[in-house]
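Coordinates as given in final_19.json (JSON, C-alpha atoms and all ligand atoms):
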[["chain", "number", "residue", "atom", "x", "y", "z"],
["A", 1, "LYS", "CA", 212.77, 382.67, 55.25],
["A", 2, "LEU", "CA", 212.33, 379.49, 57.29],
["A", 3, "HIS", "CA", 215.27, 377.29, 58.25],
["A", 4, "PRO", "CA", 214.18, 373.68, 58.64],
["A", 5, "LYS", "CA", 217.02, 371.28, 59.49],
["A", 6, "THR", "CA", 216.57, 369.16, 56.40],
["A", 7, "LEU", "CA", 218.40, 368.05, 53.28],
["A", 8, "PHE", "CA", 215.68, 368.88, 50.81],
["A", 9, "VAL", "CA", 212.16, 369.22, 52.27],
["A", 10, "GLY", "CA", 211.55, 372.93, 52.67],
["A", 11, "GLN", "CA", 214.93, 374.08, 51.40],
["A", 12, "ASN", "CA", 213.23, 375.80, 48.49],
["A", 13, "GLN", "CA", 210.27, 377.88, 49.59],
["A", 14, "VAL", "CA", 207.46, 379.93, 48.20],
["A", 15, "PHE", "CA", 205.50, 382.07, 50.64],
["A", 16, "LEU", "CA", 202.27, 383.72, 49.55],
["A", 17, "PRO", "CA", 200.35, 386.13, 51.79],
["A", 18, "ASN", "CA", 197.22, 384.56, 50.35],
["A", 19, "CYS", "CA", 196.24, 382.12, 47.62],
["A", 20, "HIS", "CA", 193.47, 379.75, 46.53],
["A", 21, "SER", "CA", 195.07, 376.58, 47.80],
["A", 22, "THR", "CA", 198.75, 375.83, 48.38],
["A", 23, "ASN", "CA", 198.19, 372.43, 46.73],
["A", 24, "ASP", "CA", 197.20, 374.19, 43.51],
["A", 25, "ILE", "CA", 200.20, 376.53, 43.63],
["A", 26, "ALA", "CA", 202.53, 373.59, 44.31],
["A", 27, "SER", "CA", 201.13, 371.61, 41.40],
["A", 28, "GLN", "CA", 201.72, 374.52, 39.04],
["A", 29, "TYR", "CA", 205.41, 374.26, 39.90],
["A", 30, "THR", "CA", 205.50, 370.54, 39.11],
["A", 31, "GLU", "CA", 204.00, 371.23, 35.70],
["A", 32, "ARG", "CA", 206.70, 373.74, 34.84],
["A", 33, "ASP", "CA", 209.73, 371.74, 35.89],
["A", 34, "ASP", "CA", 210.57, 368.21, 37.04],
["A", 35, "ASN", "CA", 213.06, 369.38, 39.62],
["A", 36, "TYR", "CA", 210.98, 370.50, 42.55],
["A", 37, "ASP", "CA", 211.61, 367.70, 45.03],
["A", 38, "GLY", "CA", 211.02, 369.16, 48.48],
["A", 39, "LEU", "CA", 209.60, 372.53, 47.42],
["A", 40, "LEU", "CA", 207.57, 374.09, 50.24],
["A", 41, "VAL", "CA", 204.63, 376.37, 49.50],
["A", 42, "TYR", "CA", 202.97, 378.06, 52.47],
["A", 43, "THR", "CA", 200.53, 380.84, 53.03],
["A", 44, "ASP", "CA", 198.80, 383.02, 55.61],
["A", 45, "PHE", "CA", 195.38, 382.50, 54.09],
["A", 46, "GLN", "CA", 193.63, 380.26, 51.58],
["A", 47, "SER", "CA", 190.44, 381.37, 49.86],
["A", 48, "ALA", "CA", 189.70, 377.87, 48.56],
["A", 49, "GLY", "CA", 191.43, 375.43, 50.89],
["A", 50, "ARG", "CA", 190.50, 371.85, 50.12],
["A", 51, "GLY", "CA", 190.12, 368.83, 52.38],
["A", 52, "GLN", "CA", 189.78, 365.14, 51.66],
["A", 53, "ARG", "CA", 186.75, 363.82, 49.82],
["A", 54, "GLY", "CA", 185.73, 367.16, 48.37],
["A", 55, "THR", "CA", 185.39, 368.98, 51.69],
["A", 56, "VAL", "CA", 186.58, 372.53, 52.31],
["A", 57, "TRP", "CA", 189.39, 373.42, 54.67],
["A", 58, "LEU", "CA", 188.78, 376.65, 56.55],
["A", 59, "ALA", "CA", 191.32, 378.54, 58.63],
["A", 60, "GLU", "CA", 191.59, 382.09, 59.87],
["A", 61, "PRO", "CA", 194.33, 384.32, 58.40],
["A", 62, "GLY", "CA", 197.86, 384.08, 59.75],
["A", 63, "GLN", "CA", 197.17, 381.68, 62.62],
["A", 64, "ASN", "CA", 197.63, 378.21, 61.25],
["A", 65, "VAL", "CA", 199.78, 375.96, 59.13],
["A", 66, "MET", "CA", 198.65, 375.74, 55.53],
["A", 67, "MET", "CA", 201.45, 374.22, 53.53],
["A", 68, "SER", "CA", 202.21, 371.92, 50.63],
["A", 69, "VAL", "CA", 205.37, 370.02, 49.88],
["A", 70, "VAL", "CA", 206.18, 368.70, 46.43],
["A", 71, "LEU", "CA", 207.79, 365.27, 46.36],
["A", 72, "ASN", "CA", 209.22, 363.24, 43.56],
["A", 73, "THR", "CA", 207.52, 359.90, 44.18],
["A", 74, "SER", "CA", 208.47, 358.17, 40.94],
["A", 75, "TYR", "CA", 209.91, 355.25, 42.95],
["A", 76, "LEU", "CA", 206.39, 354.28, 44.13],
["A", 77, "SER", "CA", 203.96, 352.19, 42.14],
["A", 78, "VAL", "CA", 200.32, 353.26, 42.21],
["A", 79, "ASN", "CA", 199.31, 350.30, 44.39],
["A", 80, "LYS", "CA", 201.78, 351.47, 47.05],
["A", 81, "GLN", "CA", 200.09, 354.86, 47.35],
["A", 82, "PHE", "CA", 198.93, 354.20, 50.87],
["A", 83, "ASP", "CA", 202.54, 353.83, 52.01],
["A", 84, "LEU", "CA", 203.02, 357.49, 51.15],
["A", 85, "SER", "CA", 199.95, 358.33, 53.18],
["A", 86, "ILE", "CA", 201.42, 356.45, 56.16],
["A", 87, "ALA", "CA", 204.80, 358.14, 55.79],
["A", 88, "THR", "CA", 203.30, 361.63, 55.66],
["A", 89, "ALA", "CA", 201.02, 361.05, 58.65],
["A", 90, "LEU", "CA", 203.98, 359.70, 60.63],
["A", 91, "GLY", "CA", 206.03, 362.67, 59.45],
["A", 92, "VAL", "CA", 203.50, 365.14, 60.82],
["A", 93, "TYR", "CA", 203.08, 363.10, 63.99],
["A", 94, "SER", "CA", 206.82, 362.91, 64.66],
["A", 95, "GLY", "CA", 207.41, 366.57, 63.80],
["A", 96, "LEU", "CA", 204.85, 367.61, 66.43],
["A", 97, "ASN", "CA", 206.18, 365.04, 68.86],
["A", 98, "SER", "CA", 209.68, 366.46, 68.53],
["A", 99, "LEU", "CA", 208.31, 369.84, 69.62],
["A", 100, "GLY", "CA", 207.00, 368.17, 72.77],
["A", 101, "VAL", "CA", 203.32, 367.79, 71.92],
["A", 102, "GLN", "CA", 201.76, 364.91, 73.88],
["A", 103, "ASP", "CA", 198.51, 362.97, 73.46],
["A", 104, "LEU", "CA", 198.74, 362.81, 69.69],
["A", 105, "SER", "CA", 197.48, 360.04, 67.48],
["A", 106, "ILE", "CA", 196.73, 359.36, 63.85],
["A", 107, "LYS", "CA", 193.13, 358.72, 62.99],
["A", 108, "TRP", "CA", 192.88, 356.44, 59.99],
["A", 109, "PRO", "CA", 193.76, 357.17, 57.31],
["A", 110, "ASN", "CA", 195.81, 360.28, 58.01],
["A", 111, "ASP", "CA", 194.14, 362.79, 60.29],
["A", 112, "ILE", "CA", 196.20, 364.15, 63.17],
["A", 113, "TYR", "CA", 194.35, 364.01, 66.46],
["A", 114, "TRP", "CA", 195.03, 365.50, 69.86],
["A", 115, "GLN", "CA", 193.08, 363.52, 72.44],
["A", 116, "ASP", "CA", 189.78, 362.93, 70.60],
["A", 117, "LYS", "CA", 189.82, 366.10, 68.55],
["A", 118, "LYS", "CA", 191.13, 366.88, 65.11],
["A", 119, "LEU", "CA", 194.26, 369.03, 65.09],
["A", 120, "GLY", "CA", 195.20, 368.69, 61.45],
["A", 121, "GLY", "CA", 194.64, 366.94, 58.18],
["A", 122, "ILE", "CA", 196.55, 365.88, 55.11],
["A", 123, "LEU", "CA", 195.52, 366.01, 51.46],
["A", 124, "ILE", "CA", 197.80, 364.15, 49.07],
["A", 125, "GLU", "CA", 197.40, 364.68, 45.33],
["A", 126, "SER", "CA", 199.58, 362.66, 43.00],
["A", 127, "SER", "CA", 200.16, 362.63, 39.29],
["A", 128, "ILE", "CA", 200.47, 359.19, 37.74],
["A", 129, "ARG", "CA", 202.41, 357.91, 34.76],
["A", 130, "GLU", "CA", 202.40, 354.31, 33.50],
["A", 131, "GLY", "CA", 201.31, 352.70, 36.76],
["A", 132, "LYS", "CA", 203.77, 354.69, 38.83],
["A", 133, "LEU", "CA", 203.41, 357.85, 40.79],
["A", 134, "LYS", "CA", 205.27, 360.75, 39.29],
["A", 135, "SER", "CA", 205.09, 363.59, 41.74],
["A", 136, "SER", "CA", 202.93, 364.08, 44.81],
["A", 137, "ILE", "CA", 201.71, 367.19, 46.53],
["A", 138, "ILE", "CA", 201.53, 366.74, 50.29],
["A", 139, "GLY", "CA", 199.08, 369.34, 51.61],
["A", 140, "ILE", "CA", 199.04, 369.83, 55.37],
["A", 141, "GLY", "CA", 196.59, 371.93, 57.35],
["A", 142, "LEU", "CA", 197.19, 372.20, 61.09],
["A", 143, "ASN", "CA", 195.54, 374.44, 63.65],
["A", 144, "VAL", "CA", 198.21, 376.29, 65.60],
["A", 145, "ASN", "CA", 197.10, 379.58, 67.15],
["A", 146, "GLN", "CA", 193.45, 379.79, 66.16],
["A", 147, "ARG", "CA", 191.27, 379.82, 69.27],
["A", 148, "ASP", "CA", 187.81, 380.69, 67.94],
["A", 149, "HIS", "CA", 185.50, 379.52, 65.18],
["A", 150, "LEU", "CA", 187.02, 376.07, 64.91],
["A", 151, "PRO", "CA", 184.70, 373.36, 63.55],
["A", 152, "GLU", "CA", 183.05, 371.09, 66.06],
["A", 153, "ARG", "CA", 185.44, 368.53, 67.51],
["A", 154, "ALA", "CA", 188.50, 370.38, 66.20],
["A", 155, "VAL", "CA", 191.31, 371.76, 68.32],
["A", 156, "SER", "CA", 194.42, 373.90, 67.89],
["A", 157, "LEU", "CA", 197.80, 373.62, 69.57],
["A", 158, "ALA", "CA", 196.99, 376.82, 71.46],
["A", 159, "LEU", "CA", 193.73, 375.37, 72.79],
["A", 160, "ALA", "CA", 195.62, 372.22, 73.77],
["A", 161, "GLY", "CA", 197.93, 374.43, 75.85],
["A", 162, "TYR", "CA", 200.92, 374.66, 73.50],
["A", 163, "ASN", "CA", 202.35, 377.97, 72.39],
["A", 164, "TYR", "CA", 204.35, 377.66, 69.22],
["A", 165, "SER", "CA", 204.78, 380.00, 66.33],
["A", 166, "ARG", "CA", 203.30, 378.88, 63.08],
["A", 167, "ASP", "CA", 206.74, 379.00, 61.48],
["A", 168, "GLU", "CA", 208.44, 376.77, 64.02],
["A", 169, "VAL", "CA", 205.69, 374.23, 63.51],
["A", 170, "ILE", "CA", 206.22, 374.34, 59.73],
["A", 171, "CYS", "CA", 209.95, 373.67, 60.23],
["A", 172, "ALA", "CA", 209.25, 370.73, 62.55],
["A", 173, "LEU", "CA", 206.76, 369.27, 60.04],
["A", 174, "CYS", "CA", 209.33, 369.55, 57.22],
["A", 175, "GLU", "CA", 211.84, 367.69, 59.38],
["A", 176, "GLY", "CA", 209.45, 364.91, 60.40],
["A", 177, "LEU", "CA", 208.21, 364.57, 56.84],
["A", 178, "GLU", "CA", 211.69, 364.30, 55.36],
["A", 179, "LYS", "CA", 212.73, 361.67, 57.90],
["A", 180, "HIS", "CA", 209.80, 359.42, 57.02],
["A", 181, "VAL", "CA", 209.90, 360.02, 53.29],
["A", 182, "LEU", "CA", 213.55, 358.98, 53.29],
["A", 183, "LEU", "CA", 212.66, 355.79, 55.20],
["A", 184, "LEU", "CA", 209.92, 355.08, 52.66],
["A", 185, "LYS", "CA", 212.33, 355.64, 49.80],
["A", 186, "LYS", "CA", 214.80, 353.20, 51.35],
["A", 187, "GLY", "CA", 212.04, 350.58, 51.43],
["A", 188, "TYR", "CA", 211.31, 350.49, 55.15],
["A", 189, "ASP", "CA", 207.93, 349.11, 56.15],
["A", 190, "LEU", "CA", 206.34, 351.82, 58.31],
["A", 191, "LYS", "CA", 203.18, 349.87, 59.17],
["A", 192, "GLN", "CA", 204.21, 348.90, 62.72],
["A", 193, "GLU", "CA", 205.16, 352.48, 63.54],
["A", 194, "TYR", "CA", 201.81, 353.57, 62.11],
["A", 195, "TYR", "CA", 199.92, 351.03, 64.23],
["A", 196, "SER", "CA", 201.79, 352.19, 67.33],
["A", 197, "VAL", "CA", 200.17, 355.64, 67.06],
["A", 198, "LEU", "CA", 196.91, 354.70, 65.34],
["A", 199, "LEU", "CA", 193.79, 355.85, 67.19],
["A", 200, "GLY", "CA", 191.79, 352.84, 68.36],
["A", 201, "TYR", "CA", 194.29, 350.22, 67.27],
["A", 202, "GLN", "CA", 193.50, 346.92, 69.01],
["A", 203, "LYS", "CA", 190.93, 348.65, 71.22],
["A", 204, "GLU", "CA", 187.21, 348.08, 71.34],
["A", 205, "ARG", "CA", 185.28, 351.16, 70.14],
["A", 206, "SER", "CA", 182.19, 352.12, 68.19],
["A", 207, "PHE", "CA", 181.91, 352.83, 64.50],
["A", 208, "LEU", "CA", 179.16, 353.92, 62.15],
["A", 209, "SER", "CA", 178.65, 352.33, 58.77],
["A", 210, "GLU", "CA", 175.59, 352.52, 56.49],
["A", 211, "GLY", "CA", 173.60, 354.12, 59.29],
["A", 212, "VAL", "CA", 174.36, 351.34, 61.75],
["A", 213, "THR", "CA", 176.47, 351.73, 64.88],
["A", 214, "PHE", "CA", 178.56, 348.73, 65.89],
["A", 215, "GLN", "CA", 181.38, 347.81, 68.24],
["A", 216, "GLY", "CA", 184.64, 346.56, 66.85],
["A", 217, "VAL", "CA", 188.39, 346.45, 67.12],
["A", 218, "ILE", "CA", 190.80, 347.83, 64.52],
["A", 219, "THR", "CA", 193.20, 345.02, 63.71],
["A", 220, "GLY", "CA", 195.16, 346.63, 60.91],
["A", 221, "ILE", "CA", 195.01, 348.03, 57.41],
["A", 222, "GLY", "CA", 194.71, 346.17, 54.13],
["A", 223, "GLU", "CA", 196.87, 346.20, 51.01],
["A", 224, "ARG", "CA", 195.21, 349.30, 49.59],
["A", 225, "GLY", "CA", 194.88, 351.06, 52.92],
["A", 226, "GLU", "CA", 191.42, 349.74, 53.85],
["A", 227, "LEU", "CA", 190.54, 349.70, 57.53],
["A", 228, "LEU", "CA", 190.32, 346.16, 58.94],
["A", 229, "ILE", "CA", 187.93, 345.72, 61.83],
["A", 230, "THR", "CA", 186.97, 342.62, 63.75],
["A", 231, "SER", "CA", 183.42, 342.78, 65.04],
["A", 232, "ASP", "CA", 181.30, 340.00, 66.44],
["A", 233, "HIS", "CA", 184.02, 337.45, 65.57],
["A", 234, "SER", "CA", 183.93, 338.42, 61.90],
["A", 235, "LYS", "CA", 186.49, 340.36, 59.92],
["A", 236, "LYS", "CA", 185.35, 343.41, 57.97],
["A", 237, "LYS", "CA", 187.10, 345.68, 55.51],
["A", 238, "PHE", "CA", 186.15, 349.31, 54.94],
["A", 239, "ASP", "CA", 187.05, 351.95, 52.40],
["A", 240, "ILE", "CA", 187.20, 355.55, 53.47],
["A", 241, "LYS", "CA", 183.66, 356.53, 52.49],
["A", 242, "GLU", "CA", 182.13, 353.49, 54.11],
["A", 243, "ILE", "CA", 182.90, 354.12, 57.77],
["A", 244, "SER", "CA", 183.14, 356.78, 60.42],
["A", 245, "PHE", "CA", 184.27, 356.76, 64.03],
["A", 246, "CYS", "CA", 181.89, 357.48, 66.91],
["A", 247, "PHE", "CA", 183.27, 359.68, 69.65],
["B", 1, "LIG", "C1", 191.52, 367.04, 55.52],
["B", 1, "LIG", "O1", 191.64, 366.80, 56.73],
["B", 1, "LIG", "O2", 190.46, 366.88, 54.94],
["B", 1, "LIG", "C2", 192.75, 367.51, 54.76],
["B", 1, "LIG", "C3", 192.97, 368.98, 54.92],
["B", 1, "LIG", "C4", 194.16, 369.49, 54.15],
["B", 1, "LIG", "C5", 194.27, 370.99, 54.20],
["B", 1, "LIG", "C6", 195.55, 371.50, 53.61],
["B", 1, "LIG", "S1", 195.83, 373.21, 53.94],
["B", 1, "LIG", "C7", 197.15, 373.25, 52.82],
["B", 1, "LIG", "C8", 196.74, 372.40, 51.63],
["B", 1, "LIG", "N1", 196.01, 373.18, 50.65],
["B", 1, "LIG", "C9", 194.75, 372.78, 50.55],
["B", 1, "LIG", "O3", 193.89, 373.32, 49.79],
["B", 1, "LIG", "N2", 194.51, 371.75, 51.37],
["B", 1, "LIG", "C10", 195.70, 371.36, 52.11]]
Show how you would write the structure in this file as structure tokens.
Amino acid sequence: KLHPKTLFVGQNQVFLPNCHSTNDIASQYTERDDNYDGLLVYTDFQSAGRGQRGTVWLAEPGQNVMMSVVLNTSYLSVNKQFDLSIATALGVYSGLNSLGVQDLSIKWPNDIYWQDKKLGGILIESSIREGKLKSSIIGIGLNVNQRDHLPERAVSLALAGYNYSRDEVICALCEGLEKHVLLLKKGYDLKQEYYSVLLGYQKERSFLSEGVTFQGVITGIGERGELLITSDHSKKKFDIKEISFCF
């Protein structure tokens, strides 16, 4: 059993040696009962790990973090969904930071980067009732001790020079997540904290959209989480599918 220093995130745990996807297992629990706030599901191996936008999430057995946390998010209206995304990304960021990991940033919307490589990703799946969120499954995949067969431009903590056990990383993530979810619940605006660690914020860099590369500066995020970029003295707004970063 893991012992995160938290009030509720990760206090109840389900460990599976292997499963399809921890997000699926976690959502089965929410269907059975309404009282699973903070439940942690984690595994050594996923046979059908999912990423954002229909991608697959691959990880070798036993090396990496593959976890999902169930949250009661009934206090959030659907149009505030991106605030949850910000809180979870900051939670992962601060959990890793508290372990002593340097050179981290959040790549919009909620990828965790070390230098200019992807260390981890987040997949949030929420159920909705009458314009409000009901419960949300926060799925986190983070490369810890895997050294080989990582996708291009991905990195693990081990490759970045950090030696942590998978389980201590899970505990730190639960702690960082709880801290930021509680701030969100209390109504704090986490945007400035998000900007302070956002990759490329207020810096000139290149982007790719509709097959065209252009230079621009990220100036913030919009009401629904769109990326705001100023390029050539004009302001542009992008949804997730419409833009990628050039490295
Ligand atoms: C992404 O970067 O595209 C998000 C990746 C999220 C992967 C995690 S691993 C645990 C949880 N279960 C899943 O099937 N996906 C998430």
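With all atoms listed in the file taken into account, the protein and nucleic acid residues at most 8 Å from Trp108 in chain A (excluding it and anything under 5 positions from it in its own chain) are Leu198, Leu199 and Leu227 of chain A.
The nearest approach to Asn18 in chain A among the residues A:Tyr36, A:Leu150, A:Ala48, A:Leu71, with only C-alpha atoms taken into account, belongs to A:Ala48.
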**Prompt:** Any idea what's packed within 7 Å of Pro17 in chain A, counting all atoms listed in the file, ignoring anything in its chain fewer than 5 positions away? Could you give it as a ChimeraX atom specification?
**Reply:** /A:43-45
Go ahead and save the picked residues with C-alpha atoms, as a PDB file, in the frame of the given file.
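File written: again28.pdb
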ATOM      1  CA  THR A  43     200.530 380.840  53.030  1.00  0.00           C
ATOM      2  CA  ASP A  44     198.800 383.020  55.610  1.00  0.00           C
ATOM      3  CA  PHE A  45     195.380 382.500  54.090  1.00  0.00           C
TER       4      PHE A  45
END
Set up a box along x, y and z of the file covering all listed atoms of range 90-104 of chain A, add 6 Å on every one of the six sides, and write the centre and edge lengths in Å to one decimal, as JSON.
{"center_x": 204.1, "center_y": 364.8, "center_z": 66.7, "size_x": 23.2, "size_y": 22.1, "size_z": 26.4}
Which residues of chain A have any atom within 10 Å of an atom in ligand LIG 1 (chain B) when counting only C-alpha atoms and all ligand atoms, and what is the closest pair of atoms for each, with the distance in Å to one decimal? Order the rows by chain and rising number and write it as a tab-separated table.
residue	atom	partner	partner_atom	distance
A:Cys19	CA	B:LIG1	O3	9.4
A:His20	CA	B:LIG1	O3	7.2
A:Ser21	CA	B:LIG1	O3	4.0
A:Thr22	CA	B:LIG1	N1	4.4
A:Asn23	CA	B:LIG1	N1	4.5
A:Asp24	CA	B:LIG1	O3	7.2
A:Ile25	CA	B:LIG1	N1	8.8
A:Ala26	CA	B:LIG1	N1	9.1
A:Val41	CA	B:LIG1	C7	8.8
A:Tyr42	CA	B:LIG1	C7	7.6
A:Thr43	CA	B:LIG1	C7	8.3
A:Phe45	CA	B:LIG1	S1	9.3
A:Gln46	CA	B:LIG1	O3	7.2
A:Ser47	CA	B:LIG1	O3	8.8
A:Ala48	CA	B:LIG1	O3	6.3
A:Gly49	CA	B:LIG1	O3	3.4
A:Arg50	CA	B:LIG1	O3	3.7
A:Gly51	CA	B:LIG1	O2	3.2
A:Gln52	CA	B:LIG1	O2	3.8
A:Arg53	CA	B:LIG1	O2	7.0
A:Gly54	CA	B:LIG1	O2	8.1
A:Thr55	CA	B:LIG1	O2	6.4
A:Val56	CA	B:LIG1	O2	7.3
A:Trp57	CA	B:LIG1	C5	5.5
A:Leu58	CA	B:LIG1	C5	8.2
A:Ala59	CA	B:LIG1	S1	8.4
A:Asn64	CA	B:LIG1	S1	9.0
A:Val65	CA	B:LIG1	S1	7.1
A:Met66	CA	B:LIG1	C7	4.0
A:Met67	CA	B:LIG1	C7	4.5
A:Ser68	CA	B:LIG1	C8	5.6
A:Val69	CA	B:LIG1	C8	9.1
A:Pro109	CA	B:LIG1	O1	9.9
A:Asn110	CA	B:LIG1	O1	7.8
A:Asp111	CA	B:LIG1	O1	5.9
A:Ile112	CA	B:LIG1	O1	8.3
A:Lys118	CA	B:LIG1	O1	8.4
A:Leu119	CA	B:LIG1	O1	9.0
A:Gly120	CA	B:LIG1	O1	6.2
A:Gly121	CA	B:LIG1	O1	3.3
A:Ile122	CA	B:LIG1	C2	4.1
A:Leu123	CA	B:LIG1	C2	4.6
A:Ile124	CA	B:LIG1	C10	8.1
A:Glu125	CA	B:LIG1	C10	9.7
A:Ile137	CA	B:LIG1	C8	8.8
A:Ile138	CA	B:LIG1	C8	7.5
A:Gly139	CA	B:LIG1	C8	3.9
A:Ile140	CA	B:LIG1	C6	4.3
A:Gly141	CA	B:LIG1	S1	3.7
A:Leu142	CA	B:LIG1	S1	7.3
A:Asn143	CA	B:LIG1	S1	9.8
**Asked** Which of these residues is nearest to Ser244 in chain A, using only C-alpha atoms: A:Glu31, A:Ser127, A:Lys107, A:Glu175?
**Response** A:Lys107
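If you look at CA of Phe245 in chain A and CA of Gln146 in chain A, they are 24.9 Å away from each other.
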Would you list the residues near (180.7, 352.9, 66.3) (no more than 9 Å away, in the coordinates of the file, using all atoms listed in the file) as a PDB file with C-alpha atoms, in the frame of the given file?
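Done, and the output landed in out.pdb:
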ATOM      1  CA  ARG A 205     185.280 351.160  70.140  1.00  0.00           C
ATOM      2  CA  SER A 206     182.190 352.120  68.190  1.00  0.00           C
ATOM      3  CA  PHE A 207     181.910 352.830  64.500  1.00  0.00           C
ATOM      4  CA  LEU A 208     179.160 353.920  62.150  1.00  0.00           C
ATOM      5  CA  SER A 209     178.650 352.330  58.770  1.00  0.00           C
ATOM      6  CA  VAL A 212     174.360 351.340  61.750  1.00  0.00           C
ATOM      7  CA  THR A 213     176.470 351.730  64.880  1.00  0.00           C
ATOM      8  CA  PHE A 214     178.560 348.730  65.890  1.00  0.00           C
ATOM      9  CA  GLN A 215     181.380 347.810  68.240  1.00  0.00           C
ATOM     10  CA  GLY A 216     184.640 346.560  66.850  1.00  0.00           C
ATOM     11  CA  ILE A 243     182.900 354.120  57.770  1.00  0.00           C
ATOM     12  CA  SER A 244     183.140 356.780  60.420  1.00  0.00           C
ATOM     13  CA  PHE A 245     184.270 356.760  64.030  1.00  0.00           C
ATOM     14  CA  CYS A 246     181.890 357.480  66.910  1.00  0.00           C
ATOM     15  CA  PHE A 247     183.270 359.680  69.650  1.00  0.00           C
TER      16      PHE A 247
END
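For the choices A:Asn163, A:Tyr194, A:Lys241, A:Tyr93, the atom-to-atom distance to Gly220 in chain A is smallest for A:Tyr194 when using only C-alpha atoms.
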**Request:** Would you list the contacts of Arg147 in chain A as a ChimeraX atom specification, taking every protein, DNA or RNA residue within 8 Å and counting only C-alpha atoms, but skipping same-chain residues closer than 4 positions in sequence?
**Result:** /A:156,158-159
**Request:** Between CA of Gly222 in chain A and CA of Leu182 in chain A, measure the distance and give it in Å to one decimal.
**Result:** 22.8 Å
**Request:** Choose the residue, out of A:Leu190, A:Leu157, A:Ile128, A:Leu40, that has the smallest atom-to-atom separation from Leu99 in chain A; count only C-alpha atoms.
**Result:** A:Leu157
